[in-house]
Each structure stands twice: as C-alpha cells, then as structure tokens.
Amino acid sequence: MTQANRRMMMRLPAWVPSITGKDYSLRMQTQRLLVLVSGIAGLVLTMGVARFAYTPMIAYMQAQTGLSDALAGWLAGWNYLGYLSGLLLVTRLRDLMLKDRLYRIALVLAVLTTALMALDDAPWLWGISRYLAGLATAGGLMLGSGLILNWLIRHDHRGELGLHFSGIGLGILIGALAVELVAPFIDWRGQWWLLTALGAVLLLPAWIWLPRPNHGTPLSAQHTAAATEPGPIWLWLLQGAYLCAGFGYVVNATFTVLITEQQPALAGQGGAMWMLVGLAAAPAPLLWDRLARRVGYLSALQWGYGLQIVGILLPVFSNTLAAAVASALLFGLTFIGIVSLVLTMVGVRYPTHPAAIMARLTLGYGIAQIIAPVVAGELAELSGHFDLSLIMVAIIMALGFGCLVIMRLLPQTETDRQSSAGRV
C-alpha cells in the first residue's frame with residue numbers, strides 16, 4: 001500500500017469502518033460507491049430539479065398563472081442559453097481544482113434558482129431563473145461528469161459513466177413525483193418551494209462525498225496508453241450527430257406534458273407520461289452501456305437514434321394512450337442513452353481531456369436546445385398542435401443517423417468495439 005493510498009484512506013467519511021491490509025480493496029470499493037452516489041445526487045439536483053422539473057410544472061403554471069405555449073418555449077430557450085454559456089466557460093477550463101470549485105458553485109446555484117421560480121410570477125424573473133439554472137445544469141453535467149470520470153480513471157476503475165448518468169433519469173422521475181404528488185394540495189408556488197427543499201437535501205451528498213481532485217494520484221501513461229484518439233473528421237461527424245440529437249431531445253423534454261394534454265382523449269395524463277420518461281431513463285445508461293460492450297458505441301448509438309425517431313413520430317400518427325405511453329418510454333430510454341453513450345465514448349477516446357471534448361460536443365447540443373423549443377413553441381401557437389414540430393425533429397434526427405453511418409465507414413472506427421470493452 002502506497003503512502004498516497006494511505007492518505008486517501010484517511011479522507012473517507014468517519015463512519016466507514018477502518019480497514020487495512022487485504023481488505024483495502026473493499027475500502028476502495030466503498031469509496032467508489034460513495035463517489036458514484038455523489039455524482040448521481042449532483043445530477044438529480046442540477047438536471048432533475050433545476051432543469052427537468054420545469055417540464056411537468058408547465059401545465060400547472062399555465063393553469064394558474066396564464067403561462068402561454070410561446071412563453072414556455074422562450075423560457076426553455078433561456079434555460080438552454082444559460083446552458084450554452086456554461087459550456088463556453090467549461091471549454092476554457094484546465095485546472096482541476098478550479099473545476100471542482102465551479103462545480104460546487106453550480107450545485108448551490110441549482111438550489112437558489114429553483115427557489116427563484118417561486119418568488120413571483122413575473123416572466124422576467126422566470127427568465128433569469130431559467131438562464132441561471134442552465135448555468136448550473138452545464139456545471140452539473142459537464143464538470144461533475146468530468147470530475148467523476150477523472151477520479152475513476154486515476155483510481156484504476158473502469159472509465160464507464162453508465163451508473164453515473166442514471167442520475168439524469170432518476171432526476172426526471174424524482175422531480176416529476178415531487179410535482180405530481182403534492183399538486184392536489186398546494187399551488188404552483190408551493191410546488192417550487194418543495195422542489196427547492198428537495199434540492200437542498202440532495203446538495204449534501206453531492207458536496208460531501210465527492211473527493212477533492214487533488215486526492216489520489218494524477219493521470220499517468222498507464223491510464224492513457226490504451227486510448228487512441230480518432231481523427232478530426234470523426235469528431236466533426238460526432239459533433240453533427242450530437243447537434244441533431246439536441247433537436248430530438250429538447251422538443252420532447254420541454255413539451256411532452258403539453259403534447260399529451262392537448263390530445264382530448266389523454267387530458268390529465270401529461271404528468272404520468274413525464275414520469276414514464278423518467279422511469280425509462282433511470283436504467284437506460286446501464287442498458288446502453290451493456291449493449292455498447294457487445295456491439296460497439298456507434299452501433300448502439302444507431303439503435304438509439306432509430307428508436308428515438310420512432311418515438312418522436314408516434315404521437316403524430318396516433319392519439320391513443322398506447323402510442324403516448326410507447327412514445328414516452330422510447331424517449332426516456334433513448335435520449336439519456338444517446339447522451340450517456342456519446343459522453344462515455346468521449347471519456348474512453350479522450351481520457352486526458354474528456355471535459356473539454358464533452359463541452360465542445362455539447363455546445364452544438366446546447367445550440368439546438370436554444371433554437372428548437374422556441375421554434376416548436378411558435379409553431380404550436382400558430383397551428384394549435386405539435387405535429388409539425390415533431391416531424392421537423394424526426395427529419396433532423398435522421399440526418400444525425402446519417403452522420404453515424406458515415407462514421408462507421410472511417411478507418412478510425414475499427415477500434416470502437418475494443419475501446420468500448422477495454423479498461424482505460
């Protein structure tokens with residue numbers, strides 16, 4: 001046991017039993033679990049509460065405050081503008097300690113911006129809240145995921161983030177449950193205060209159980225020797241595919257509840273559909289990770305894009321409950337699978353600087369998230385339904401699928417299966 005490992009052991013929480021010698025691996029597994037729980041709690045807070053709770057809240061805010069479809073879309077656009085601003089900041093960061101400090105600021109900001117939604121019903125205040133929540137989301141997803149991946153690699157664990165990214169689906173489910181269960185008893189403002197309290201609880205494990213990045217050993221040649229960075233064309237194609245995925249994701253993420261509620265036969269079922277999205281999304285990263293080990297990341301991504309296109313188009317061709325349920329499940333299963341596969345693949349291919357590449361890819365994803373909800377909201381306001389918006393994003397997703405097909409033809413992708421299955 002090295003001196004560095006002994007120092008690291010001393011930093012474990014006091015309630016973890018003192019284990020030495022042959023039981024050191026058990027202690028390391030305990031710390032690994034705590035770090036993963038910290039990351040999951042951070043994602044539930046910054047994604048599930050600060051970002052995704054807005055989706056089921058739209059219907060209640062429309063009924064009680066007069067929030068229009070167009071304004072709902074503009075608020076979502078402000079959220080993604082904040083997200084994009086955060087990504088631009090992340091791309092310029094190199095110092096791990098600074099990333100750690102900014103990540104912890106993002107955790108606190110996620111709680112504060114949720115509280116801001118409850119203070120008044122002024123659209124300008126909501127816009128500020130959504131913009132700052134976007135900053136917090138970028139920090140939670142990009143910085144948090146990068147810090148977790150860095151810790152896993154430095155401590156010789158698999159560079160897989162499937163379990164970590166399950167926090168996004170859990171966040172959707174937990175946020176939706178918090179909104180729906182109390183809806184009969186409190187108004188929209190009380191619901192936001194409840195979400196704020198939930199966020200404050202999640203802040204504790206997210207903050208306490210994430211070690212400072214200067215704990216343990218830095219990345220060395222043994223951590224990066226197995227990785228082969230692809231060429232620039234491969235990365236640009238992935239950028240294009242992920243940009244298209246941003247369009248496919250954001251319309252459903254913002255308007256799933258409204259799309260359901262606007263169908264006469266499904267009135268009152270919007271909240272349930274959003275909970276189904278979270279239910280499908282929670283185990284999705286683990287399922288897609290297992291599939292990627294067998295067929296490779298690109299093949300798994302093609303399956304994800306194809307299934308999401310089907311889910312997007314189902315409400316266009318059928319107004320039945322079965323179609324709505326299938327659409328919600330397919331969206332929850334695929335959108336988080338696409339994010340998890342892309343970001344994990346980046347971690348495997350670019351282990352020395354994953355956060356920078358993640359941020360670069362997510363810039364395009366973020367740009368789509370600014371444009372798409374505004375366009376979709378305006379189209380819905382003009383036409384009275386979301387069919388045109390869904391057809392539009394299905395076509396864009398098909399273009400993303402085409403980018404993945406081209407990527408498979410490049411020589412660099414021959415190692416995809418080996419990289420997905422190997423230790424980094």
# chains A, B, ... in the order shown; residues from 1 in each chain; ligands from 1

$ residues_around --residues "range 378-395 of chain A" --least-positions-apart "3" --cutoff "7 Å" --atoms "only C-alpha atoms" --output "PyMOL selection string"
chain A and resi 69-70+247-248+259+309+312-313+316+374-375+398-399

$ closest_residue --among "A:Thr362, A:Gln239, A:Ser145, A:Gln308" --to "Phe165 in chain A" --atoms "only C-alpha atoms"
A:Ser145

$ closest_residue --among "A:Gly366, A:Gly347, A:Gly144, A:Pro283" --to "Ala206 in chain A" --atoms "only C-alpha atoms"
A:Gly144

$ closest_residue --among "A:Tyr83, A:Val49, A:Ala59, A:Ala72" --to "Thr113 in chain A" --atoms "only C-alpha atoms"
A:Val49

$ closest_residue --among "A:Ala63, A:Val277, A:Val108, A:Ala197" --to "Gly42 in chain A" --atoms "only C-alpha atoms"
A:Val108

$ residues_around --residues "Ala200 in chain A" --least-positions-apart "3" --cutoff "10 Å" --atoms "only C-alpha atoms" --output "JSON, numbers by chain"
{"A": [45, 107, 108, 110, 111, 112, 194, 195, 196, 197, 203, 204]}

$ select_by_dssp --residues "range 16-238 of chain A" --states "helix (DSSP H, G or I)" --output "ChimeraX atom specification"
/A:21-52,54-65,69-90,96-119,123-154,162-182,188-208,221-224,232-238

$ residues_around --residues "Leu87 in chain A" --least-positions-apart "4" --cutoff "7 Å" --atoms "only C-alpha atoms" --output "PDB file with N, CA and C atoms, in the first residue's frame"
ATOM      1  N   TYR A  83     -27.276  27.288 -20.376  1.00  0.00           N
ATOM      2  CA  TYR A  83     -26.528  26.042 -20.522  1.00  0.00           C
ATOM      3  C   TYR A  83     -25.368  26.229 -21.493  1.00  0.00           C
ATOM      4  N   THR A  91     -15.242  24.917 -21.631  1.00  0.00           N
ATOM      5  CA  THR A  91     -14.242  24.616 -22.655  1.00  0.00           C
ATOM      6  C   THR A  91     -12.917  25.328 -22.390  1.00  0.00           C
ATOM      7  N   ALA A 138     -25.149  23.021 -16.789  1.00  0.00           N
ATOM      8  CA  ALA A 138     -23.889  22.800 -17.500  1.00  0.00           C
ATOM      9  C   ALA A 138     -22.797  22.381 -16.522  1.00  0.00           C
ATOM     10  N   ALA A 359     -17.535  19.228 -23.575  1.00  0.00           N
ATOM     11  CA  ALA A 359     -18.098  20.577 -23.682  1.00  0.00           C
ATOM     12  C   ALA A 359     -18.215  21.000 -25.139  1.00  0.00           C
ATOM     13  N   LEU A 363     -21.739  21.901 -26.949  1.00  0.00           N
ATOM     14  CA  LEU A 363     -22.042  23.232 -27.469  1.00  0.00           C
ATOM     15  C   LEU A 363     -23.085  23.146 -28.582  1.00  0.00           C
TER      16      LEU A 363
END

$ atom_distance --atom1 "CA of Leu43 in chain A" --atom2 "CA of Met142 in chain A"
10.1 Å

$ residues_around --residues "Trp236 in chain A" --least-positions-apart "2" --cutoff "12 Å" --atoms "only C-alpha atoms" --output "PyMOL selection string"
chain A and resi 230-234+238-243+357+360-361+364+400+403-404+406-407

$ closest_residue --among "A:Ala326, A:Ala376, A:Leu143, A:Leu116" --to "Gly73 in chain A" --atoms "only C-alpha atoms"
A:Ala376

$ closest_atom_pairs --of "range 337-373 of chain A" --to "range 288-291 of chain A" --cutoff "12 Å" --atoms "only C-alpha atoms" --output "Markdown table"
| residue | atom | partner | partner_atom | distance |
| --- | --- | --- | --- | --- |
| A:Gly337 | CA | A:Trp288 | CA | 5.8 |
| A:Ile338 | CA | A:Trp288 | CA | 8.4 |
| A:Val339 | CA | A:Trp288 | CA | 10.3 |
| A:Ser340 | CA | A:Trp288 | CA | 8.0 |
| A:Leu341 | CA | A:Asp289 | CA | 7.0 |
| A:Val342 | CA | A:Asp289 | CA | 10.6 |
| A:Leu343 | CA | A:Asp289 | CA | 11.3 |
| A:Thr344 | CA | A:Asp289 | CA | 8.7 |
| A:Met345 | CA | A:Asp289 | CA | 10.0 |

$ write_last_selection --atoms "all heavy atoms" --output "mmCIF file, in the first residue's frame"
data_model
loop_
_atom_site.group_PDB
_atom_site.id
_atom_site.type_symbol
_atom_site.label_atom_id
_atom_site.label_comp_id
_atom_site.auth_asym_id
_atom_site.auth_seq_id
_atom_site.Cartn_x
_atom_site.Cartn_y
_atom_site.Cartn_z
ATOM 1 N N GLY A 337 -29.779 7.517 -23.210
ATOM 2 C CA GLY A 337 -28.833 6.559 -23.763
ATOM 3 C C GLY A 337 -27.876 7.230 -24.734
ATOM 4 O O GLY A 337 -26.667 6.951 -24.732
ATOM 5 N N ILE A 338 -28.391 8.125 -25.569
ATOM 6 C CA ILE A 338 -27.549 8.845 -26.526
ATOM 7 C C ILE A 338 -26.537 9.716 -25.786
ATOM 8 O O ILE A 338 -25.340 9.723 -26.102
ATOM 9 C CB ILE A 338 -28.417 9.680 -27.483
ATOM 10 C CG1 ILE A 338 -29.198 8.760 -28.423
ATOM 11 C CG2 ILE A 338 -27.563 10.666 -28.275
ATOM 12 C CD1 ILE A 338 -30.255 9.459 -29.248
ATOM 13 N N VAL A 339 -27.001 10.462 -24.788
ATOM 14 C CA VAL A 339 -26.089 11.305 -24.008
ATOM 15 C C VAL A 339 -25.026 10.455 -23.324
ATOM 16 O O VAL A 339 -23.826 10.760 -23.371
ATOM 17 C CB VAL A 339 -26.873 12.126 -22.969
ATOM 18 C CG1 VAL A 339 -25.927 12.839 -22.002
ATOM 19 C CG2 VAL A 339 -27.775 13.143 -23.656
ATOM 20 N N SER A 340 -25.457 9.387 -22.673
ATOM 21 C CA SER A 340 -24.530 8.528 -21.940
ATOM 22 C C SER A 340 -23.505 7.894 -22.868
ATOM 23 O O SER A 340 -22.300 7.874 -22.577
ATOM 24 C CB SER A 340 -25.313 7.438 -21.203
ATOM 25 O OG SER A 340 -24.439 6.533 -20.573
ATOM 26 N N LEU A 341 -23.956 7.383 -24.015
ATOM 27 C CA LEU A 341 -23.036 6.729 -24.948
ATOM 28 C C LEU A 341 -22.024 7.714 -25.517
ATOM 29 O O LEU A 341 -20.827 7.418 -25.604
ATOM 30 C CB LEU A 341 -23.827 6.070 -26.079
ATOM 31 C CG LEU A 341 -24.613 4.806 -25.721
ATOM 32 C CD1 LEU A 341 -25.525 4.406 -26.879
ATOM 33 C CD2 LEU A 341 -23.671 3.667 -25.371
ATOM 34 N N VAL A 342 -22.498 8.892 -25.918
ATOM 35 C CA VAL A 342 -21.595 9.874 -26.512
ATOM 36 C C VAL A 342 -20.556 10.336 -25.496
ATOM 37 O O VAL A 342 -19.350 10.359 -25.774
ATOM 38 C CB VAL A 342 -22.384 11.075 -27.069
ATOM 39 C CG1 VAL A 342 -21.441 12.221 -27.431
ATOM 40 C CG2 VAL A 342 -23.178 10.665 -28.302
ATOM 41 N N LEU A 343 -21.000 10.703 -24.302
ATOM 42 C CA LEU A 343 -20.066 11.238 -23.316
ATOM 43 C C LEU A 343 -19.128 10.160 -22.770
ATOM 44 O O LEU A 343 -17.966 10.433 -22.478
ATOM 45 C CB LEU A 343 -20.832 11.919 -22.176
ATOM 46 C CG LEU A 343 -21.680 13.132 -22.581
ATOM 47 C CD1 LEU A 343 -22.246 13.822 -21.358
ATOM 48 C CD2 LEU A 343 -20.887 14.112 -23.429
ATOM 49 N N THR A 344 -19.637 8.928 -22.629
ATOM 50 C CA THR A 344 -18.758 7.848 -22.192
ATOM 51 C C THR A 344 -17.740 7.512 -23.281
ATOM 52 O O THR A 344 -16.564 7.260 -22.987
ATOM 53 C CB THR A 344 -19.573 6.588 -21.834
ATOM 54 O OG1 THR A 344 -20.524 6.922 -20.819
ATOM 55 C CG2 THR A 344 -18.668 5.489 -21.309
ATOM 56 N N MET A 345 -18.169 7.517 -24.530
ATOM 57 C CA MET A 345 -17.254 7.274 -25.632
ATOM 58 C C MET A 345 -16.161 8.341 -25.667
ATOM 59 O O MET A 345 -14.986 8.046 -25.921
ATOM 60 C CB MET A 345 -18.013 7.251 -26.957
ATOM 61 C CG MET A 345 -17.148 6.963 -28.165
ATOM 62 S SD MET A 345 -18.115 6.498 -29.635
ATOM 63 C CE MET A 345 -19.096 7.967 -29.875
#

$ residues_around --residues "Leu330 in chain A" --least-positions-apart "3" --cutoff "8 Å" --atoms "only C-alpha atoms" --output "number ranges by chain"
A: 277, 280, 307-308, 310-311, 326-327, 333-334

$ write_last_selection --atoms "C-alpha atoms" --output "compact mmCIF listing (two decimals), in the first residue's frame"
# COMPACT_ATOMS: atom_id res chain seq x y z
CA VAL A 277 -39.98 9.16 -19.32
CA ALA A 280 -37.44 4.51 -18.67
CA LEU A 307 -35.75 4.13 -31.77
CA GLN A 308 -35.98 7.82 -30.84
CA VAL A 310 -39.97 6.10 -33.94
CA GLY A 311 -40.91 7.54 -30.54
CA ALA A 326 -44.76 3.96 -26.11
CA SER A 327 -43.54 7.41 -27.16
CA LEU A 333 -34.90 5.11 -22.99
CA THR A 334 -33.13 6.75 -25.93

$ atom_distance --atom1 "CA of Leu329 in chain A" --atom2 "CA of Leu279 in chain A"
7.8 Å
